[in-house]
$ cat start-v8.txt   # compact mmCIF, C-alpha atoms
# COMPACT_ATOMS: atom_id res chain seq x y z
CA MET A 1 4.33 -2.46 -49.77
CA LYS A 2 4.44 1.20 -48.74
CA VAL A 3 5.10 3.66 -51.57
CA VAL A 4 5.45 7.42 -50.98
CA CYS A 5 5.16 9.72 -54.02
CA ALA A 6 5.98 13.43 -53.75
CA PRO A 7 7.92 16.22 -55.45
CA LEU A 8 11.68 16.32 -54.96
CA LYS A 9 11.51 18.41 -51.77
CA GLY A 10 8.27 16.82 -50.62
CA PRO A 11 7.27 14.82 -47.51
CA PHE A 12 9.52 11.78 -47.80
CA GLY A 13 11.08 9.92 -44.87
CA ARG A 14 7.89 8.18 -43.74
CA GLY A 15 9.24 4.64 -43.50
CA ALA A 16 8.50 3.87 -47.12
CA ASP A 17 9.64 0.74 -48.91
CA LEU A 18 9.92 2.90 -52.01
CA GLU A 19 10.05 6.66 -52.58
CA VAL A 20 9.01 8.06 -55.95
CA VAL A 21 9.83 11.60 -57.09
CA LEU A 22 7.03 13.26 -59.04
CA PHE A 23 7.61 15.76 -61.88
CA SER A 24 11.40 15.54 -61.82
CA ARG A 25 14.21 13.00 -62.00
CA ALA A 26 15.16 10.87 -59.01
CA ASP A 27 18.02 12.36 -56.99
CA ARG A 28 19.37 9.03 -55.74
CA PRO A 29 19.64 5.49 -57.15
CA MET A 30 17.09 3.84 -54.84
CA ARG A 31 14.31 6.32 -55.60
CA GLY A 32 11.85 6.02 -58.47
CA ALA A 33 10.52 8.88 -60.59
CA ALA A 34 7.48 9.69 -62.73
CA GLY A 35 6.34 12.56 -64.93
CA ALA A 36 9.71 14.33 -65.10
CA ASN A 37 9.00 16.28 -68.29
CA ILE A 38 5.27 16.93 -67.97
CA LEU A 39 5.58 20.29 -66.21
CA GLU A 40 7.81 21.61 -68.96
CA VAL A 41 5.59 20.29 -71.76
CA ILE A 42 2.50 21.94 -70.25
CA ARG A 43 4.42 25.17 -69.70
CA LYS A 44 5.73 25.22 -73.28
CA SER A 45 2.24 24.45 -74.57
CA ASN A 46 1.07 27.50 -72.58
CA LEU A 47 -1.92 25.59 -71.17
CA GLU A 48 -3.64 26.72 -67.98
CA VAL A 49 -5.14 23.67 -66.29
CA ALA A 50 -7.38 23.27 -63.23
CA PRO A 51 -5.51 22.61 -59.95
CA ARG A 52 -7.61 19.54 -59.16
CA SER A 53 -6.88 18.11 -62.60
CA TRP A 54 -3.20 18.48 -61.73
CA ASP A 55 -3.77 16.68 -58.44
CA LEU A 56 -5.53 13.94 -60.41
CA LEU A 57 -2.43 13.71 -62.60
CA SER A 58 -0.26 13.39 -59.46
CA ILE A 59 -2.50 10.55 -58.29
CA ALA A 60 -2.35 8.81 -61.68
CA LEU A 61 1.45 9.10 -61.87
CA SER A 62 1.75 7.66 -58.37
CA VAL A 63 -0.54 4.74 -59.25
CA ILE A 64 1.45 4.01 -62.42
CA ALA A 65 4.72 4.09 -60.46
CA ALA A 66 3.37 1.72 -57.79
CA ASP A 67 1.86 -0.57 -60.43
CA THR A 68 5.28 -0.75 -62.09
CA ALA A 69 7.32 -1.22 -58.93
CA VAL A 70 5.29 -3.69 -56.86
CA ARG A 71 5.78 -7.24 -58.15
CA ARG A 72 2.81 -9.59 -58.23
CA ASN A 73 4.98 -12.65 -57.74
CA LYS A 74 5.99 -11.34 -54.31
CA SER A 75 2.39 -11.39 -53.04
CA SER A 76 0.91 -14.20 -50.95
CA ASP A 77 -1.14 -15.65 -53.82
CA GLY A 78 1.32 -14.76 -56.57
CA TRP A 79 -0.98 -12.08 -58.00
CA THR A 80 -2.99 -9.87 -55.61
CA ARG A 81 -0.83 -7.09 -54.17
CA GLU A 82 -1.33 -4.98 -51.05
CA ILE A 83 -0.24 -1.44 -51.90
CA ASP A 84 -0.07 1.31 -49.27
CA LEU A 85 0.19 4.44 -51.40
CA HIS A 86 0.96 7.91 -49.97
CA ILE A 87 0.60 10.80 -52.43
CA ALA A 88 1.51 14.48 -52.06
CA VAL A 89 -1.19 16.72 -53.60
CA ASP A 90 -2.12 20.39 -53.48
CA ASP A 91 -5.53 19.79 -51.86
CA PRO A 92 -5.14 16.80 -49.49
CA THR A 93 -8.33 17.65 -47.58
CA PHE A 94 -10.55 17.26 -50.64
CA TRP A 95 -8.83 14.12 -51.90
CA SER A 96 -8.88 12.48 -48.48
CA GLY A 97 -12.66 12.72 -48.72
CA GLN A 98 -12.53 10.69 -51.95
CA ARG A 99 -10.23 8.03 -50.56
CA ALA A 100 -12.80 5.20 -50.38
CA LEU A 101 -14.03 5.90 -53.91
CA LEU A 102 -10.49 5.96 -55.32
CA GLU A 103 -9.58 2.74 -53.53
CA ARG A 104 -12.67 1.06 -54.96
CA GLN A 105 -11.83 2.33 -58.44
CA LEU A 106 -8.26 1.02 -58.26
CA ARG A 107 -9.29 -2.30 -56.77
CA PHE A 108 -11.69 -2.84 -59.68
CA LEU A 109 -9.06 -1.79 -62.19
CA THR A 110 -6.23 -4.02 -60.94
CA THR A 111 -7.89 -6.41 -58.40
CA ASP A 112 -5.23 -5.42 -55.88
CA LEU A 113 -5.81 -4.15 -52.34
CA TRP A 114 -5.08 -0.42 -52.32
CA SER A 115 -4.80 1.85 -49.30
CA ILE A 116 -4.32 5.55 -50.09
CA GLU A 117 -3.26 8.46 -47.92
CA PHE A 118 -2.93 12.04 -49.14
CA LEU A 119 -0.16 14.34 -47.98
CA ASP A 120 0.33 18.09 -48.20
CA GLY A 121 3.13 19.54 -50.35
CA GLY A 122 2.07 18.51 -53.83
CA VAL A 123 3.08 20.30 -57.03
CA ARG A 124 0.82 23.02 -58.41
CA PRO A 125 0.25 23.49 -62.15
CA PRO A 126 2.33 26.10 -63.99
CA SER A 127 1.30 29.72 -63.48
CA LEU A 128 1.16 31.42 -66.87
CA PRO A 129 0.83 35.18 -67.52
CA ARG A 130 -1.05 34.82 -70.83
CA PRO A 131 -2.20 31.25 -71.29
CA THR A 132 -3.49 29.91 -74.59
CA LEU A 133 -7.16 28.92 -74.38
CA PRO A 134 -7.68 26.38 -77.20
CA ARG A 135 -11.03 26.62 -78.98
CA GLU A 136 -11.56 22.88 -79.52
CA ASP A 137 -14.93 21.64 -78.27
CA SER A 138 -13.74 18.32 -76.82
CA VAL A 139 -10.78 16.08 -76.05
CA SER A 140 -10.17 12.60 -77.45
CA LEU A 141 -7.55 10.04 -76.45
CA LEU A 142 -5.29 8.94 -79.33
CA SER A 143 -3.21 5.87 -78.54
CA GLY A 144 -1.93 4.88 -81.96
CA GLY A 145 -4.42 2.01 -81.95
CA LEU A 146 -7.25 1.26 -84.33
CA ASP A 147 -10.18 2.20 -82.09
CA SER A 148 -8.89 5.65 -81.13
CA LEU A 149 -8.09 6.38 -84.78
CA ILE A 150 -11.64 5.51 -85.83
CA GLY A 151 -12.97 7.53 -82.91
CA ALA A 152 -11.14 10.68 -83.98
CA ILE A 153 -12.20 10.19 -87.63
CA ASP A 154 -15.85 9.78 -86.61
CA LEU A 155 -15.80 12.79 -84.28
CA ILE A 156 -14.80 14.94 -87.24
CA GLY A 157 -16.79 13.25 -90.01
CA ARG A 158 -19.99 12.21 -88.26
CA GLU A 159 -20.33 14.22 -85.05
CA ARG A 160 -18.94 17.45 -86.54
CA ARG A 161 -16.75 17.99 -83.49
CA ARG A 162 -13.27 19.43 -83.32
CA PRO A 163 -11.37 17.42 -80.68
CA TYR A 164 -7.99 18.22 -79.20
CA LEU A 165 -6.09 14.92 -79.21
CA VAL A 166 -3.92 13.70 -76.33
CA SER A 167 -1.56 10.73 -76.21
CA GLN A 168 0.72 8.80 -73.91
CA VAL A 169 4.02 8.61 -75.76
CA ALA A 170 4.86 4.97 -76.43
CA ARG A 171 7.99 3.56 -77.99
CA GLY A 172 7.25 2.82 -81.62
CA ASP A 173 4.04 4.88 -81.63
CA LYS A 174 5.08 8.52 -81.08
CA GLU A 175 5.57 9.33 -84.76
CA LYS A 176 2.51 7.27 -85.67
CA GLN A 177 0.33 9.24 -83.25
CA SER A 178 1.56 12.53 -84.74
CA LEU A 179 0.96 11.25 -88.28
CA PHE A 180 -2.62 10.25 -87.53
CA ALA A 181 -3.32 13.63 -85.88
CA SER A 182 -1.99 15.42 -88.97
CA ARG A 183 -4.17 13.39 -91.34
CA ILE A 184 -7.52 13.69 -89.59
CA GLY A 185 -9.74 16.67 -90.33
CA GLY A 186 -6.96 18.54 -92.10
CA GLY A 187 -4.79 18.31 -89.00
CA LEU A 188 -5.80 18.35 -85.32
CA ASN A 189 -4.02 19.86 -82.35
CA HIS A 190 -2.25 17.09 -80.46
CA LEU A 191 -0.64 16.93 -77.02
CA GLN A 192 1.82 14.12 -76.30
CA LEU A 193 2.81 13.40 -72.71
CA ASN A 194 4.95 10.68 -71.16
CA HIS A 195 4.56 9.37 -67.62
CA ASP A 196 8.15 8.08 -67.88
CA ALA A 197 7.65 6.06 -64.69
CA ASP A 198 10.82 4.27 -63.66
CA CYS A 199 11.52 2.57 -60.37
CA PRO A 200 14.59 0.64 -59.17
CA GLY A 201 14.58 -3.13 -59.25
CA GLU A 202 12.74 -5.66 -61.35
CA LYS A 203 9.60 -4.27 -62.99
CA GLU A 204 6.06 -5.64 -62.90
CA ILE A 205 4.84 -6.24 -66.46
CA SER A 206 1.06 -6.69 -66.03
CA HIS A 207 0.38 -2.90 -66.11
CA ARG A 208 -3.32 -3.19 -65.22
CA ALA A 209 -3.45 0.43 -64.01
CA ARG A 210 -2.22 1.98 -67.25
CA SER A 211 -5.61 3.41 -68.27
CA ILE A 212 -5.75 5.81 -65.34
CA ILE A 213 -2.90 7.90 -66.74
CA PHE A 214 -4.56 8.21 -70.17
CA ILE A 215 -7.73 9.54 -68.58
CA ALA A 216 -5.76 11.90 -66.32
CA TYR A 217 -4.11 13.40 -69.41
CA GLY A 218 -7.50 13.84 -71.05
CA VAL A 219 -8.99 15.56 -67.99
CA LEU A 220 -5.94 17.81 -67.67
CA LEU A 221 -6.23 18.95 -71.29
CA ALA A 222 -10.01 19.34 -71.08
CA THR A 223 -9.64 21.88 -68.26
CA ALA A 224 -7.28 23.94 -70.44
CA LEU A 225 -9.85 24.54 -73.20
CA ARG A 226 -11.63 27.87 -73.55
CA ARG A 227 -14.89 25.97 -73.25
CA HIS A 228 -13.93 24.88 -69.73
CA HIS A 229 -12.78 28.37 -68.75
CA ASP A 230 -16.16 29.66 -69.94
CA GLY A 231 -17.88 27.32 -67.50
CA GLN A 232 -19.09 24.76 -70.03
CA GLU A 233 -18.80 20.99 -69.73
CA VAL A 234 -16.09 19.40 -71.88
CA PRO A 235 -16.61 15.93 -73.42
CA LEU A 236 -13.68 13.55 -73.04
CA TYR A 237 -13.86 10.70 -75.56
CA VAL A 238 -12.40 7.32 -74.65
CA CYS A 239 -13.00 5.34 -77.84
CA GLU A 240 -12.87 1.57 -77.32
CA ASN A 241 -14.94 -1.22 -78.88
CA GLY A 242 -17.51 -2.78 -76.57
CA PHE A 243 -16.07 -6.29 -76.57
CA ILE A 244 -12.64 -5.22 -75.33
CA ALA A 245 -14.21 -2.66 -72.95
CA ILE A 246 -16.07 -5.48 -71.19
CA ASN A 247 -13.20 -7.90 -71.95
CA PRO A 248 -14.88 -11.01 -70.53
CA PRO A 249 -12.44 -13.76 -69.48
CA LEU A 250 -12.24 -16.14 -72.44
CA THR A 251 -11.79 -19.09 -70.08
CA THR A 252 -11.76 -19.60 -66.31
CA ALA A 253 -7.96 -19.31 -66.47
CA ARG A 254 -8.23 -15.65 -67.54
CA LEU A 255 -10.18 -14.23 -64.61
CA GLY A 256 -9.98 -10.87 -62.85
CA SER A 257 -6.96 -8.72 -63.53
CA LEU A 258 -5.67 -11.21 -66.08
CA SER A 259 -7.98 -9.25 -68.37
CA THR A 260 -7.59 -5.48 -68.70
CA ARG A 261 -10.41 -3.15 -67.64
CA THR A 262 -9.19 -0.05 -69.42
CA ALA A 263 -12.57 1.15 -70.74
CA HIS A 264 -14.95 -0.99 -68.71
CA PRO A 265 -18.25 0.86 -68.13
CA LEU A 266 -18.00 0.39 -64.36
CA PHE A 267 -14.47 1.82 -64.22
CA LEU A 268 -15.51 4.79 -66.37
CA SER A 269 -18.57 5.33 -64.17
CA LEU A 270 -16.45 5.39 -61.01
CA THR A 271 -14.03 7.79 -62.70
CA GLN A 272 -16.92 10.05 -63.71
CA THR A 273 -18.13 10.14 -60.12
CA ILE A 274 -14.69 11.30 -58.99
CA LEU A 275 -14.61 14.02 -61.67
CA ASN A 276 -18.07 15.21 -60.63
CA LYS A 277 -17.09 15.40 -56.97
CA ALA A 278 -13.97 17.37 -57.97
CA GLY A 279 -16.15 19.82 -59.92
CA LEU A 280 -13.96 19.48 -63.01
CA GLY A 281 -16.73 19.82 -65.60
CA VAL A 282 -15.49 16.94 -67.75
CA ARG A 283 -17.83 14.25 -69.10
CA ILE A 284 -16.35 10.91 -70.15
CA ALA A 285 -17.96 9.20 -73.14
CA ASN A 286 -17.24 5.96 -75.00
CA PRO A 287 -19.38 6.14 -78.16
CA TYR A 288 -18.55 2.52 -79.01
CA GLN A 289 -19.49 0.71 -75.81
CA ALA A 290 -22.22 -1.17 -77.73
CA THR A 291 -20.17 -1.62 -80.92
CA THR A 292 -17.75 -4.38 -81.92
CA LYS A 293 -14.37 -3.63 -83.46
CA GLY A 294 -15.55 -5.03 -86.80
CA GLU A 295 -18.61 -2.78 -86.67
CA MET A 296 -16.38 0.21 -85.91
CA LEU A 297 -14.38 -0.53 -89.06
CA ARG A 298 -17.44 -1.04 -91.26
CA ASN A 299 -19.22 2.07 -90.01
CA CYS A 300 -16.28 4.49 -89.94
CA ALA A 301 -17.24 7.86 -91.43
CA ASP A 302 -14.22 8.12 -93.74
CA GLN A 303 -13.53 4.72 -95.28
CA ALA A 304 -10.80 6.02 -97.58
CA LEU A 305 -8.82 7.54 -94.70
CA LEU A 306 -9.34 4.43 -92.61
CA LYS A 307 -8.18 2.08 -95.39
CA ALA A 308 -5.02 4.16 -95.84
CA ASN A 309 -4.10 3.99 -92.13
CA ALA A 310 -5.78 0.99 -90.46
CA SER A 311 -2.98 -1.52 -91.00
CA THR A 312 -0.36 0.86 -89.57
CA THR A 313 -2.13 1.15 -86.20
CA THR A 314 -0.89 -0.77 -83.15
CA SER A 315 -2.98 -3.33 -81.25
CA CYS A 316 -0.52 -5.98 -80.08
CA GLY A 317 0.26 -6.56 -76.41
CA ARG A 318 3.76 -7.75 -77.37
CA PHE A 319 4.54 -5.08 -79.99
CA LEU A 320 7.96 -4.16 -78.57
CA HIS A 321 8.88 -7.77 -77.83
CA PHE A 322 8.65 -8.63 -81.52
CA GLY A 323 10.62 -5.62 -82.71
CA TYR A 324 7.72 -3.20 -83.29
CA LYS A 325 5.77 -5.94 -85.01
CA HIS A 326 2.38 -7.48 -84.17
CA CYS A 327 2.61 -11.02 -82.82
CA GLY A 328 -0.69 -11.99 -84.47
CA ARG A 329 -1.73 -14.45 -81.73
CA CYS A 330 -2.40 -12.49 -78.50
CA VAL A 331 -5.98 -11.57 -77.59
CA PRO A 332 -5.72 -7.96 -78.90
CA CYS A 333 -4.24 -9.28 -82.16
CA LEU A 334 -6.98 -11.91 -82.48
CA ILE A 335 -9.67 -9.27 -81.98
CA ARG A 336 -7.92 -7.01 -84.51
CA ARG A 337 -7.63 -9.77 -87.12
CA SER A 338 -11.24 -10.80 -86.53
CA ALA A 339 -12.36 -7.21 -87.04
CA PHE A 340 -10.50 -6.92 -90.35
CA HIS A 341 -12.12 -10.18 -91.43
CA ALA A 342 -15.56 -8.81 -90.50
CA TRP A 343 -14.77 -5.56 -92.34
CA GLY A 344 -13.93 -7.49 -95.49
CA LYS A 345 -10.91 -5.36 -96.35
CA PRO A 346 -7.31 -6.61 -96.74
CA ASP A 347 -5.31 -6.72 -93.52
CA THR A 348 -1.75 -5.80 -94.49
CA THR A 349 -0.52 -5.71 -90.89
CA ASN A 350 2.89 -7.35 -90.52
CA TYR A 351 2.21 -10.28 -88.15
CA HIS A 352 4.97 -12.48 -86.71
CA PHE A 353 2.72 -15.55 -86.37
CA VAL A 354 0.57 -15.57 -89.50
CA LYS A 355 -0.83 -19.09 -90.07
CA LEU A 356 -2.63 -19.72 -86.80
CA ALA A 357 -4.03 -23.11 -87.88
CA ARG A 358 -0.60 -24.77 -87.58
CA ASP A 359 -0.73 -27.54 -84.96
CA HIS A 360 2.11 -26.08 -82.94
CA GLU A 361 2.44 -24.55 -79.46
CA GLU A 362 3.29 -21.16 -80.96
CA TYR A 363 0.26 -21.17 -83.29
CA ALA A 364 -3.04 -23.09 -82.83
CA ARG A 365 -1.89 -24.49 -79.46
CA PHE A 366 -0.75 -21.10 -78.14
CA ASP A 367 -2.67 -20.23 -74.94
CA ASP A 368 -4.53 -17.17 -76.27
CA VAL A 369 -5.51 -18.88 -79.53
CA ARG A 370 -6.74 -21.96 -77.66
CA SER A 371 -8.61 -19.78 -75.16
CA ALA A 372 -10.37 -17.90 -77.95
CA ALA A 373 -11.37 -21.14 -79.68
CA MET A 374 -12.56 -22.65 -76.40
CA ALA A 375 -14.62 -19.52 -75.63
CA VAL A 376 -16.39 -19.74 -78.99
CA MET A 377 -17.18 -23.42 -78.44
CA ALA A 378 -18.30 -22.92 -74.83
CA ALA A 379 -20.67 -20.09 -75.75
CA ARG A 380 -22.20 -22.24 -78.48
CA ALA A 381 -22.52 -25.31 -76.28
CA ASP A 382 -23.63 -23.73 -73.00
CA GLY A 383 -25.26 -20.51 -74.19
CA MET A 384 -24.01 -16.93 -73.97
CA ASP A 385 -25.43 -16.20 -70.52
CA ARG A 386 -23.73 -19.16 -68.89
CA TRP A 387 -20.43 -18.44 -70.65
CA LEU A 388 -20.53 -14.76 -69.62
CA GLY A 389 -21.25 -15.62 -65.99
CA THR A 390 -20.83 -12.51 -63.83
CA ALA A 391 -18.89 -10.44 -66.38
CA VAL A 392 -21.77 -8.02 -67.05
CA ASN A 393 -24.08 -8.31 -64.05
CA SER A 394 -23.00 -5.36 -61.91
CA ALA A 395 -25.90 -3.25 -60.67
CA SER A 396 -23.72 -0.16 -61.22
CA MET A 397 -23.78 -0.81 -64.98
CA GLY A 398 -27.55 -0.29 -65.32
CA ASP A 399 -29.21 -2.13 -68.20
CA THR A 400 -26.62 -4.70 -69.22
CA SER A 401 -28.41 -6.02 -72.31
CA GLN A 402 -26.34 -3.87 -74.67
CA TYR A 403 -23.12 -5.22 -73.14
CA ARG A 404 -24.26 -8.83 -73.40
CA GLU A 405 -25.22 -8.29 -77.03
CA VAL A 406 -21.96 -6.61 -78.03
CA VAL A 407 -19.94 -9.38 -76.37
CA GLU A 408 -21.99 -11.96 -78.26
CA ARG A 409 -21.40 -10.22 -81.59
CA GLY A 410 -17.70 -9.69 -80.79
CA LEU A 411 -17.24 -13.35 -79.95
CA GLY A 412 -19.04 -14.14 -83.20
CA GLU A 413 -16.43 -12.11 -85.10
CA ILE A 414 -13.65 -14.08 -83.41
CA GLY A 415 -15.36 -17.37 -84.21
CA ALA A 416 -15.82 -16.45 -87.87
CA PHE A 417 -12.16 -15.46 -88.18
CA LEU A 418 -10.84 -18.61 -86.50
CA LYS A 419 -13.01 -20.75 -88.76
CA ALA A 420 -11.81 -18.87 -91.83
CA VAL A 421 -8.13 -19.46 -90.99
CA GLY A 422 -8.65 -23.09 -90.03
CA VAL A 423 -8.33 -22.99 -86.24
CA LYS A 424 -10.46 -25.78 -84.77

$ encode --input "start-v8.txt" --output "structure tokens"
Amino acid sequence: MKVVCAPLKGPFGRGADLEVVLFSRADRPMRGAAGANILEVIRKSNLEVAPRSWDLLSIALSVIAADTAVRRNKSSDGWTREIDLHIAVDDPTFWSGQRALLERQLRFLTTDLWSIEFLDGGVRPPSLPRPTLPREDSVSLLSGGLDSLIGAIDLIGRERRRPYLVSQVARGDKEKQSLFASRIGGGLNHLQLNHDADCPGEKEISHRARSIIFIAYGVLLATALRRHHDGQEVPLYVCENGFIAINPPLTTARLGSLSTRTAHPLFLSLTQTILNKAGLGVRIANPYQATTKGEMLRNCADQALLKANASTTTSCGRFLHFGYKHCGRCVPCLIRRSAFHAWGKPDTTNYHFVKLARDHEEYARFDDVRSAAMAVMAARADGMDRWLGTAVNSASMGDTSQYREVVERGLGEIGAFLKAVGVK
């Protein structure tokens, strides 16, 4: 499917199957749109960002729009899509030189076949007469989830950093994100953006490319800091526990893009290479790539603050479906519940499916619960290395022992939780 993404008066009319307007609303019913309010939010925040970080945002918005619009069930195998993406940017010559790297990055992220072409006529960042240059020393992503909350708490309490927080606005989480930002470190500066991607027709729900927009926001904000304008490198923290970062398929039925790769070390490494080639001076770090979610909870620098807020965070993949309530049985919920069990503190999260041991298709026989139980048994019976298979053997990941070990400990947390609640 050919998708062309450009500003309202950009280079459309190229035989596209879908046209997507960037940074404004669609001007006709059969066009999509993405990022309509971002220009105004950045302008009102008085932030001066690097032009290539803005181009990176244009790329991320275009990827999100295509990921939303192109249906997997229309592909030849019912999953792998062929996406021909044309993106208007300010510096098409530079980005054309990164085409192969970007296509590799996106293919790893979504397991689709991406072809990218860059066009002239992209939007430039706002020109500001007297921009604010924030004095924070880093940027950290804040999703409203448990891991990013712990990450921000630890950056203040253990690392003695002062991060500027950035979020993708999500229904049910906007106020929560703001509340967490106000409670950490006496209150942290916080930027909330919304990709607001909307395309005509039935939407794809797998959303495997969603992480690219979070990182694009972080890079954008990092280039607005005084530290960046002074020529110093800015750390960008993507805080995710090591088990979910690797996210090994629990069974052979959950291979490839059926498992998200949001914070996978290989994806982050490819992203870092792109940032380096763009000369953006931003360094991505995941301090928890060798830490389980339960270990993150136990080792958090401010236990009192964590106890007061942990159960109000959002982890569930079906949060909206159940009326802003955790389902309690999807893989993210299982990892969350296992982490609370490992922490040893009460989990007061409001779960829809509470008693997982019930011999019913919506409880113990639900696919994710069965997959988790089968994974625990398979690792015990066949050994961790055989169960992991090729999940952590990429040469680009360097020494993979830390990843193998964190997956083993994370699976151990899941096994202990399932045993405790009576899932066999």

$ closest_residue --input "start-v8.txt" --among "A:His207, A:Arg130, A:Arg409, A:Arg337" --to "Val354 in chain A" --atoms "all atoms listed in the file"
A:Arg337

$ atom_distance --input "start-v8.txt" --atom1 "CA of Ile215 in chain A" --atom2 "CA of His321 in chain A"
25.7 Å

$ atom_distance --input "start-v8.txt" --atom1 "CA of Val139 in chain A" --atom2 "CA of Gly242 in chain A"
20.0 Å

$ closest_atom_pairs --input "start-v8.txt" --of "range 286-403 of chain A" --to "range 219-239 of chain A" --cutoff "7 Å" --atoms "all atoms listed in the file" --output "JSON lines"
{"residue": "A:Asn286", "atom": "CA", "partner": "A:Val238", "partner_atom": "CA", "distance": 5.0}
{"residue": "A:Pro287", "atom": "CA", "partner": "A:Cys239", "partner_atom": "CA", "distance": 6.4}
{"residue": "A:Tyr288", "atom": "CA", "partner": "A:Cys239", "partner_atom": "CA", "distance": 6.3}

$ closest_residue --input "start-v8.txt" --among "A:Ser269, A:Thr312, A:Asn299, A:Asn276" --to "Gly398 in chain A" --atoms "all atoms listed in the file"
A:Ser269

$ residues_near_point --input "start-v8.txt" --point "(-4.3, -3.1, -79.5)" --cutoff "12 Å" --atoms "only C-alpha atoms" --output "PyMOL selection string"
chain A and resi 143-149+173+240-241+244-245+260+262+293+310-319+325-337+339

$ atom_distance --input "start-v8.txt" --atom1 "CA of Lys424 in chain A" --atom2 "CA of Ala290 in chain A"
28.2 Å
